[in-house]
Structure formats: structure tokens, C-alpha cells
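Structure file work.txt with compact mmCIF, C-alpha atoms and all ligand atoms:
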```txt
# COMPACT_ATOMS: atom_id res chain seq x y z
CA MET A 1 0.00 0.00 0.00
CA LYS A 2 1.35 3.41 -0.91
CA SER A 3 1.92 5.88 1.88
CA TYR A 4 3.08 9.46 1.99
CA TYR A 5 4.95 11.57 4.48
CA ASP A 6 5.64 15.19 5.25
CA CYS A 7 8.06 16.85 7.66
CA GLU A 8 10.14 19.99 8.02
CA PRO A 9 12.71 20.50 5.24
CA THR A 10 16.33 20.70 6.39
CA LEU A 11 18.32 21.74 3.30
CA SER A 12 19.28 25.30 2.33
CA ASP A 13 19.40 26.75 -1.19
CA ASN A 14 23.11 25.98 -1.42
CA ASP A 15 22.57 22.41 -0.15
CA VAL A 16 19.93 21.81 -2.84
CA LEU A 17 22.17 23.33 -5.50
CA ASP A 18 24.98 21.07 -4.34
CA VAL A 19 22.81 17.99 -4.93
CA CYS A 20 22.08 19.34 -8.43
CA LYS A 21 25.85 19.56 -9.06
CA GLN A 22 27.02 16.38 -7.35
CA GLY A 23 24.00 14.07 -7.62
CA TYR A 24 24.25 12.89 -4.03
CA LEU A 25 24.21 13.88 -0.37
CA ARG A 26 26.09 12.23 2.49
CA LEU A 27 24.53 12.02 5.97
CA GLU A 28 26.91 10.25 8.33
CA ALA A 29 25.73 8.29 11.38
CA VAL A 30 22.25 9.82 11.49
CA VAL A 31 20.41 6.65 12.56
CA PRO A 32 20.77 5.83 16.29
CA GLU A 33 22.83 2.79 17.16
CA GLU A 34 19.92 0.96 18.85
CA ILE A 35 18.06 1.02 15.51
CA ASN A 36 21.16 -0.06 13.57
CA GLU A 37 21.55 -2.96 15.96
CA ARG A 38 17.92 -4.03 15.47
CA VAL A 39 18.34 -3.81 11.69
CA ARG A 40 21.47 -5.97 11.83
CA ALA A 41 19.60 -8.57 13.90
CA PHE A 42 16.68 -8.48 11.41
CA LEU A 43 19.05 -8.99 8.47
CA MET A 44 20.73 -11.95 10.18
CA GLU A 45 17.31 -13.65 10.16
CA ASN A 46 16.25 -12.33 6.74
CA THR A 47 19.12 -12.82 4.33
CA SER A 48 17.07 -12.16 1.19
CA HIS A 49 18.22 -9.52 -1.28
CA GLU A 50 14.71 -8.06 -1.06
CA PRO A 51 13.78 -7.93 2.63
CA THR A 52 10.72 -5.75 1.96
CA GLU A 53 9.06 -7.07 5.17
CA ILE A 54 11.25 -4.63 7.09
CA LEU A 55 9.06 -1.82 5.75
CA TYR A 56 6.20 -3.23 7.88
CA GLU A 57 8.21 -2.73 11.08
CA ASP A 58 7.19 0.55 12.76
CA TRP A 59 10.54 0.96 14.53
CA PHE A 60 12.34 0.75 11.16
CA VAL A 61 10.00 3.18 9.42
CA GLU A 62 10.33 5.68 12.27
CA GLY A 63 14.09 5.28 12.78
CA VAL A 64 15.28 4.96 9.19
CA ILE A 65 12.63 5.80 6.57
CA LYS A 66 11.31 8.80 8.52
CA ASN A 67 14.66 9.59 10.13
CA PRO A 68 14.49 13.36 10.74
CA GLN A 69 17.72 14.25 8.92
CA ALA A 70 17.18 11.91 5.99
CA ALA A 71 13.47 12.65 5.60
CA GLY A 72 14.18 16.38 6.00
CA ALA A 73 16.59 16.21 3.09
CA VAL A 74 14.12 14.15 1.01
CA ARG A 75 11.35 16.64 1.85
CA SER A 76 13.63 19.47 0.66
CA LEU A 77 14.34 17.73 -2.66
CA LEU A 78 10.98 16.09 -3.44
CA GLY A 79 8.51 18.52 -1.85
CA VAL A 80 5.52 17.97 0.44
CA ASN A 81 3.82 14.60 0.89
CA PHE A 82 6.54 12.57 -0.75
CA GLY A 83 5.91 8.88 -1.39
CA LEU A 84 7.59 6.31 0.86
CA PRO A 85 9.43 3.22 -0.43
CA LEU A 86 7.45 0.20 -1.59
CA LEU A 87 10.45 -2.07 -2.07
CA MET A 88 13.55 -2.75 0.03
CA SER A 89 16.73 -4.15 -1.49
CA ASN A 90 19.72 -5.36 0.45
CA HIS A 91 23.04 -5.24 -1.37
CA ARG A 92 24.28 -7.98 0.88
CA VAL A 93 27.71 -9.09 -0.17
CA GLU A 94 30.05 -11.71 1.13
CA TYR A 95 33.52 -10.24 0.85
CA PRO A 96 36.31 -10.27 -0.23
CA THR A 97 35.13 -9.94 -3.81
CA GLU A 98 35.98 -8.04 -6.98
CA ALA A 99 34.42 -4.70 -7.89
CA GLN A 100 31.14 -4.63 -9.78
CA ALA A 101 31.00 -3.12 -13.28
CA TRP A 102 30.16 0.59 -13.43
CA HIS A 103 26.49 1.07 -14.29
CA ARG A 104 23.43 3.17 -13.74
CA ASP A 105 20.33 1.36 -12.57
CA GLY A 106 17.63 0.21 -14.96
CA ASN A 107 15.07 2.72 -16.21
CA SER A 108 17.29 5.72 -15.41
CA LYS A 109 16.21 8.99 -17.01
CA PHE A 110 18.87 11.65 -17.43
CA THR A 111 16.73 14.70 -16.78
CA HIS A 112 16.59 17.93 -14.80
CA GLU A 113 13.25 16.74 -13.37
CA LEU A 114 13.95 15.24 -9.95
CA ARG A 115 10.99 12.93 -9.39
CA ASN A 116 12.51 10.27 -7.16
CA LEU A 117 15.57 9.57 -5.05
CA GLN A 118 17.64 6.45 -4.54
CA VAL A 119 18.84 6.06 -0.96
CA PHE A 120 21.42 3.79 0.64
CA TYR A 121 21.50 3.07 4.38
CA LEU A 122 24.39 1.36 6.16
CA PRO A 123 23.22 -0.56 9.24
CA GLN A 124 26.85 -1.45 10.02
CA ASP A 125 30.19 0.30 9.64
CA CYS A 126 31.35 0.06 6.03
CA THR A 127 35.08 0.55 5.65
CA MET A 128 37.03 0.94 2.41
CA GLU A 129 38.13 -2.71 2.73
CA MET A 130 34.50 -3.87 2.70
CA GLY A 131 33.80 -2.58 -0.81
CA PRO A 132 31.56 0.46 -0.27
CA THR A 133 29.38 1.76 -3.09
CA GLU A 134 31.44 4.04 -5.33
CA ILE A 135 29.83 6.84 -7.31
CA ILE A 136 31.01 9.43 -9.84
CA PRO A 137 29.80 12.90 -8.82
CA GLY A 138 27.99 14.81 -11.55
CA THR A 139 27.13 11.80 -13.72
CA HIS A 140 23.43 11.84 -12.78
CA LEU A 141 22.91 14.27 -15.69
CA LEU A 142 25.29 12.62 -18.15
CA TYR A 143 23.77 10.01 -20.43
CA SER A 144 25.74 6.84 -21.03
CA ALA A 145 24.65 3.33 -21.91
CA ASN A 146 25.73 0.60 -19.52
CA ASP A 147 27.43 -1.00 -22.55
CA HIS A 148 29.94 1.86 -22.40
CA LEU A 149 30.15 2.23 -18.63
CA LYS A 150 31.24 -1.37 -18.14
CA HIS A 151 34.52 -0.55 -19.90
CA LEU A 152 35.53 1.97 -17.24
CA ASP A 153 37.75 0.93 -14.39
CA ARG A 154 39.40 3.31 -11.93
CA VAL A 155 37.87 6.78 -12.30
CA ARG A 156 39.57 9.90 -10.98
CA GLY A 157 37.23 11.97 -8.81
CA SER A 158 34.99 9.08 -7.73
CA GLU A 159 33.61 9.06 -4.19
CA TYR A 160 33.16 6.14 -1.83
CA MET A 161 30.10 5.74 0.35
CA ALA A 162 32.10 4.28 3.19
CA GLY A 163 30.96 5.43 6.60
CA PRO A 164 29.98 4.53 10.13
CA ALA A 165 26.84 2.53 10.96
CA GLY A 166 23.70 4.64 10.61
CA SER A 167 24.96 6.58 7.58
CA ILE A 168 22.48 7.43 4.82
CA PHE A 169 23.47 8.44 1.29
CA ILE A 170 20.83 10.12 -0.84
CA THR A 171 21.44 9.91 -4.59
CA VAL A 172 19.81 10.92 -7.84
CA TYR A 173 18.67 7.60 -9.33
CA SER A 174 20.65 7.93 -12.57
CA ILE A 175 24.10 8.47 -10.98
CA TRP A 176 26.85 6.13 -12.24
CA HIS A 177 27.90 3.73 -9.51
CA ARG A 178 29.29 0.32 -8.62
CA ARG A 179 30.27 -1.78 -5.62
CA SER A 180 33.97 -1.15 -5.19
CA THR A 181 36.51 -3.89 -4.69
CA SER A 182 36.86 -5.55 -1.31
CA THR A 183 39.82 -7.75 -2.18
CA ARG A 184 41.96 -5.99 0.44
CA ALA A 185 39.77 -7.26 3.30
CA GLN A 186 41.90 -9.13 5.83
CA LYS A 187 39.18 -11.64 6.68
CA PRO A 188 35.84 -12.63 5.11
CA GLY A 189 32.63 -10.99 6.20
CA VAL A 190 29.19 -9.85 5.12
CA ARG A 191 28.34 -6.29 4.19
CA ASN A 192 24.72 -5.15 4.31
CA ASN A 193 23.65 -2.05 2.39
CA LEU A 194 19.93 -1.31 2.22
CA LYS A 195 18.61 0.52 -0.83
CA TYR A 196 15.19 2.08 -1.36
CA ASN A 197 13.47 4.93 -3.23
CA TYR A 198 11.30 7.93 -2.36
CA PHE A 199 8.91 9.53 -4.84
CA ARG A 200 7.70 13.05 -5.67
CA THR A 201 3.97 13.71 -5.59
CA ALA A 202 3.91 17.54 -5.56
CA PRO A 203 4.90 20.02 -8.26
CA PRO A 204 8.36 21.50 -7.60
CA GLN A 205 8.62 24.73 -5.67
CA ARG A 206 11.26 26.51 -3.61
CA ASP A 207 9.91 25.49 -0.22
CA TRP A 208 13.06 24.26 1.53
CA CYS A 209 15.07 26.45 3.97
CA ILE A 210 15.32 29.63 1.94
CA ASP A 211 18.34 31.86 2.38
CA PRO A 212 17.16 35.47 1.90
CA ASP A 213 20.64 36.41 0.61
CA PHE A 214 20.74 33.68 -2.04
CA ASN A 215 21.47 35.30 -5.40
CA PHE A 216 20.20 33.37 -8.44
CA GLY A 217 22.40 35.45 -10.72
CA ASN A 218 25.65 34.72 -8.97
CA ALA A 219 25.07 31.39 -7.21
CA PRO A 220 27.89 28.78 -7.34
CA TYR A 221 26.51 26.67 -10.22
CA LEU A 222 30.02 25.77 -11.38
CA PRO A 223 31.63 22.68 -9.77
CA GLU A 224 35.03 23.35 -8.21
CA ARG A 225 37.80 23.07 -10.79
CA ASP A 226 40.22 21.14 -8.59
CA SER A 227 37.83 18.52 -7.28
CA GLY A 228 38.64 15.91 -9.93
CA TYR A 229 35.08 16.32 -11.23
CA TYR A 230 34.55 13.78 -14.01
CA ARG A 231 32.54 16.01 -16.30
CA ASP A 232 33.16 19.14 -18.34
CA ILE A 233 32.39 21.59 -15.52
CA TRP A 234 31.02 24.25 -17.89
CA LEU A 235 28.29 22.03 -19.30
CA ALA A 236 27.70 20.50 -15.88
CA ALA A 237 27.07 24.02 -14.48
CA SER A 238 24.38 24.58 -17.05
CA HIS A 239 22.76 21.21 -16.26
CA ALA A 240 22.92 21.92 -12.51
CA ALA A 241 21.34 25.36 -13.00
CA GLU A 242 18.53 23.85 -15.06
CA MET A 243 17.81 21.24 -12.41
CA PHE A 244 17.93 23.84 -9.65
CA LEU A 245 15.52 26.15 -11.45
CA TRP A 246 13.18 23.22 -12.10
CA LEU A 247 13.24 22.41 -8.37
CA CYS A 248 12.45 26.06 -7.64
CA GLY A 249 9.40 25.87 -9.93
CA LYS A 250 11.14 28.30 -12.28
CA HIS A 251 12.01 26.03 -15.18
CA ALA A 252 10.07 28.16 -17.66
CA GLN A 253 12.66 30.89 -17.03
CA PHE A 254 15.67 28.70 -17.71
CA ARG A 255 17.80 29.70 -20.70
CA THR A 256 21.49 30.07 -21.34
CA GLU A 257 23.24 32.20 -23.92
CA GLY A 258 26.52 30.27 -23.85
CA GLY A 259 30.04 31.67 -23.60
CA GLN A 260 30.87 33.62 -20.46
CA THR A 261 27.24 34.29 -19.57
CA TRP A 262 25.03 32.91 -16.78
CA PRO A 263 25.21 30.42 -15.14
CA LEU A 264 28.99 30.94 -15.33
CA ASN A 265 29.89 33.87 -13.14
CA GLY A 266 33.66 34.15 -13.43
CA SER A 267 33.53 37.13 -15.78
CA ALA A 268 31.27 39.03 -13.40
CA ALA A 269 33.16 38.60 -10.17
CA ARG A 270 35.05 41.91 -10.25
CA PHE A 271 32.53 44.31 -11.68
CA THR A 272 28.93 43.35 -11.11
CA ASP A 273 26.62 41.38 -8.87
CA ALA A 274 25.76 39.02 -11.68
CA PRO A 275 27.08 37.96 -15.10
CA TYR A 276 25.43 38.78 -18.42
CA GLY A 277 22.53 36.64 -19.54
CA VAL A 278 20.77 36.10 -16.21
CA PRO A 279 17.23 35.02 -17.17
CA PRO A 280 14.84 37.93 -16.66
CA GLY A 281 12.91 37.89 -13.41
CA LEU A 282 15.17 35.45 -11.61
FE FE A 301 23.21 -0.38 -9.01
```
Could I get this file's structure written as C-alpha cells?
Amino acid sequence: MKSYYDCEPTLSDNDVLDVCKQGYLRLEAVVPEEINERVRAFLMENTSHEPTEILYEDWFVEGVIKNPQAAGAVRSLLGVNFGLPLLMSNHRVEYPTEAQAWHRDGNSKFTHELRNLQVFYLPQDCTMEMGPTEIIPGTHLLYSANDHLKHLDRVRGSEYMAGPAGSIFITVYSIWHRRSTSTRAQKPGVRNNLKYNYFRTAPPQRDWCIDPDFNFGNAPYLPERDSGYYRDIWLAASHAAEMFLWLCGKHAQFRTEGGQTWPLNGSAARFTDAPYGVPPGL
């Protein structure tokens, strides 16, 4: 049965823009240890790769699915009355094992319209040796067929979703990812990594934690040059700006003139508050 949830948003304008640029958000150790412990015990008994029964446990829904920090971020990105997960997957892996092939999940759409989120929750510590999920920031808006992605190996600028128990990673569904290698593990073990989706039901609008000083003309749409970002940062800035404006309910105003104009702001830094080409009325 579908169910919906609403809560206070927790993300600021810059936080939302950062998700548009990076395609993910890291929330470390946000689930209390007593819940993590209960989840671990549940997963010892239920070793299926689809332990959807856990969604019928009130303590799990309250502690994980409606976790205030995670749900607050989801509320910020998907709007009021967002849909709760219907399916639970467990990327349960016996390690050591080789890395998975790079891929994006089935039915990915590479679009500025953020209509769902893919979330990973670690009920146990996940170290680098245990083969954490690895993602490539910025690729959520870069189309590639899995036929091509599987030829990639080590990618400069990738990020690992290693972290302490109780960590939640919120991603845009289409981001390129894989399970990283765990061949360096000293002894065998089992890694649990729960994965589930949330869904948008409301039209997008700028109803997260609004910063009154946020300047649409001069906001940091451009990814940092030195971060090892996989993509062409100039095109990525334009994609991030389009997604951000869509989330603000302002997509009709989105347009870019190319060159040194908005959303690139380098040429404007010394002389004006905003570059040339800022869409009228923003
Ligand atoms: Fe996947």
C-alpha cells in the first residue's frame, strides 16, 4: 500500500544546488545505534536480497525511513507529501570480492526533473576494505549506456560511500555507480547495504530552507575546478542550474546564452553582482 509523508525541510538553497551539481548527499551516522543494531539482527534472520518485510516494522520506518535528517533532506528535494518506499533491497555481499562493473540502474532517465531519489542506508560500519558503493559525482545528468560504462575501471574523482553505521546516502537515481573492490579485506565478512526509493507527488517549488541572501544570478553553479570532477564543468554548471531552477518551480525561465554568460559567473566577479545573460525575473 502506498503511503506518503511530510516533515520539516532541512536543506538550504546551497545544499539543494549542491545535490544538483554532485547528484548525491552524504549524511553520516544519522540513525541511532539501537536502531542499527535491530536492523542488523533483522538482516541476520532475513538474508534475502529483497527484505521488503522490514518496511512493515514501525521501529524501522520511524528510525530509518522517517529519520528526521534523511526525511528532512528528502522533503527538501521532493517537496511535500513525498511517497515512501514500496520495495527494500539489500546489497548484501560476502567479501572479499571483486568490484562490480560501473552502471546506472535500470530505467534511469537523465533529466533535470527530480521525481525520485535512490537512498542507501548502512546498518553497520562500512570501511574501504568492505567494498563500499562508489559513485562518480555529476554523472546523474550525463547520459551513457551501460554498454559503455562497463569498460571503465578506476575513475579519478569518484567518491566512496564508506561510513559509520547509521549513515544514509541520498542519490539521484541515474548516478553512475558500482560496488567497489573488497579484495583488500583481511578476513571474510558480510556487508549489508539497504537501498530504497522515495517519490515526488507535488509540483516542484522553492519550499526548503530559503536563504534570503541567495542570489540566483551569482550562485555557485560551477563545480570546483580542482575537485577531480569527471565532467566538463562548464556544461555541468548549465545542467545543474537547469535542475535547480526546475526544483524552484522556475524552469520556464531557464535559458542560457553560452560563452561567459550565466550560469557561469567568473567574468562578473570583479565588476557586477551578476554575469550577463541572467534570465529575466530570476
Ligand atoms: Fe546499481
Could you produce a table of the residues of chain A lying within 8 Å of ligand FE 301 (chain A), with the nearest pair of atoms per residue and their separation in Å rounded to one decimal, using only C-alpha atoms and all ligand atoms, ordered by chain and increasing residue number, as a Markdown table?
```
| residue | atom | partner | partner_atom | distance |
| --- | --- | --- | --- | --- |
| A:His103 | CA | A:FE301 | FE | 6.4 |
| A:Arg104 | CA | A:FE301 | FE | 5.9 |
| A:Asp105 | CA | A:FE301 | FE | 4.9 |
| A:His177 | CA | A:FE301 | FE | 6.3 |
| A:Arg178 | CA | A:FE301 | FE | 6.1 |
| A:Arg179 | CA | A:FE301 | FE | 8.0 |
```
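Residues lying within 12 Å of (34.6, 2.5, -18.9). Counted over all atoms listed in the file, they are Ala101, Trp102, His103, Ile136, Ser144, Ala145, Asn146, Asp147, His148, Leu149, Lys150, His151, Leu152, Asp153, Arg154, Val155, Arg156, Trp176, His177 and Arg178 of chain A.
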| remark: In terms of all atoms listed in the file, the residue from A:Ile35, A:Leu78, A:Ala71, A:Val93 at minimal distance from Gly249 in chain A is A:Leu78
| task | Provide the CA of Glu159 in chain A to CA of Pro51 in chain A distance in Å, to one decimal place. | result |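 CA of Glu159 in chain A sits 27.0 Å away from CA of Pro51 in chain A.
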| Quick one: of A:Ser12, A:Glu33, A:Asn81, A:Trp246, who's nearest to Ala202 in chain A, counting all atoms listed in the file? |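 Between A:Ser12, A:Glu33, A:Asn81, A:Trp246, the residue approaching Ala202 in chain A most closely is A:Asn81.
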| query | Neighbours of Glu113 in chain A within 10 Å (all atoms listed in the file; same-chain residues fewer than 4 positions away dropped), as a list in words? | reply |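 Near neighbours after the sequence-gap exclusion: Lys109, Pro204, Glu242, Met243, Phe244, Leu245, Trp246, Leu247 and His251 of chain A.
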For the residues in that selection, give me C-alpha atoms as a PDB file, in the coordinates of the input.
```pdb
ATOM      1  CA  LYS A 109      16.210   8.990 -17.010  1.00  0.00           C
ATOM      2  CA  PRO A 204       8.360  21.500  -7.600  1.00  0.00           C
ATOM      3  CA  GLU A 242      18.530  23.850 -15.060  1.00  0.00           C
ATOM      4  CA  MET A 243      17.810  21.240 -12.410  1.00  0.00           C
ATOM      5  CA  PHE A 244      17.930  23.840  -9.650  1.00  0.00           C
ATOM      6  CA  LEU A 245      15.520  26.150 -11.450  1.00  0.00           C
ATOM      7  CA  TRP A 246      13.180  23.220 -12.100  1.00  0.00           C
ATOM      8  CA  LEU A 247      13.240  22.410  -8.370  1.00  0.00           C
ATOM      9  CA  HIS A 251      12.010  26.030 -15.180  1.00  0.00           C
TER      10      HIS A 251
END
```
| request: Kindly give the distance, in Å, that separates CA of Thr261 in chain A and CA of Leu235 in chain A, rounded to a single decimal. | output: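 One can read the CA of Thr261 in chain A to CA of Leu235 in chain A distance as 12.3 Å.
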| request: Compare A:Tyr276, A:Tyr24, A:Tyr230, A:Tyr5 by their minimum atom-to-atom distance to Phe169 in chain A, counting only C-alpha atoms, and give me the closest one. | output: A:Tyr24
Using all atoms listed in the file, which protein or nucleic acid residues come within 10 Å of Ala99 in chain A? Drop anything in the same chain fewer than 6 positions from it, and give the result as a PDB file with C-alpha atoms, in the frame of the given file.
```pdb
ATOM      1  CA  GLY A 131      33.800  -2.580  -0.810  1.00  0.00           C
ATOM      2  CA  PRO A 132      31.560   0.460  -0.270  1.00  0.00           C
ATOM      3  CA  THR A 133      29.380   1.760  -3.090  1.00  0.00           C
ATOM      4  CA  GLU A 134      31.440   4.040  -5.330  1.00  0.00           C
ATOM      5  CA  ASP A 153      37.750   0.930 -14.390  1.00  0.00           C
ATOM      6  CA  ARG A 178      29.290   0.320  -8.620  1.00  0.00           C
ATOM      7  CA  ARG A 179      30.270  -1.780  -5.620  1.00  0.00           C
ATOM      8  CA  SER A 180      33.970  -1.150  -5.190  1.00  0.00           C
ATOM      9  CA  THR A 181      36.510  -3.890  -4.690  1.00  0.00           C
ATOM     10  CA  SER A 182      36.860  -5.550  -1.310  1.00  0.00           C
ATOM     11  CA  THR A 183      39.820  -7.750  -2.180  1.00  0.00           C
TER      12      THR A 183
END
```
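When CA of Leu194 in chain A is paired with CA of Leu142 in chain A, their separation reads 25.3 Å.
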Which residues of range 14-43 of chain A come within 12 Å of range 86-91 of chain A, and what is each one's closest atom pair and distance in Å (one decimal), counting all atoms listed in the file, sorted by chain and residue number, as CSV?
```
residue,atom,partner,partner_atom,distance
A:Val39,CA,A:Asn90,CA,11.4
A:Arg40,CA,A:Asn90,CA,11.5
A:Phe42,CA,A:Asn90,CA,11.8
A:Leu43,CA,A:Asn90,CA,8.8
```
| field | Shell of 9 Å around Arg184 in chain A, all atoms listed in the file, local chain residues under 2 positions omitted, as a list in words | value |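 Neighbouring residues, sequence-local ones excluded: Pro96, Thr97, Met128, Glu129, Met130, Gly131, Thr181, Ser182, Gln186 and Lys187 of chain A.
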| field | Ser238 in chain A surroundings by all atoms listed in the file, 8 Å radius, close-in-sequence under 3 positions cut, as a PyMOL selection string | value | chain A and resi 221+234-235+241-242+256+263
| message | For a quick check of understanding, using all atoms listed in the file, which of A:Asn46, A:Ser76, A:Asn193, A:Gln69 has the smallest distance to Cys209 in chain A? | response |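 Distance minimum relative to Cys209 in chain A lands on A:Ser76.
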| task | List the neighbours of Gly72 in chain A out to 10 Å using all atoms listed in the file; skip same-chain residues closer than 5 positions along the sequence, and give me the result as a PyMOL selection string. | result | chain A and resi 6-11+66-67+77-79+208
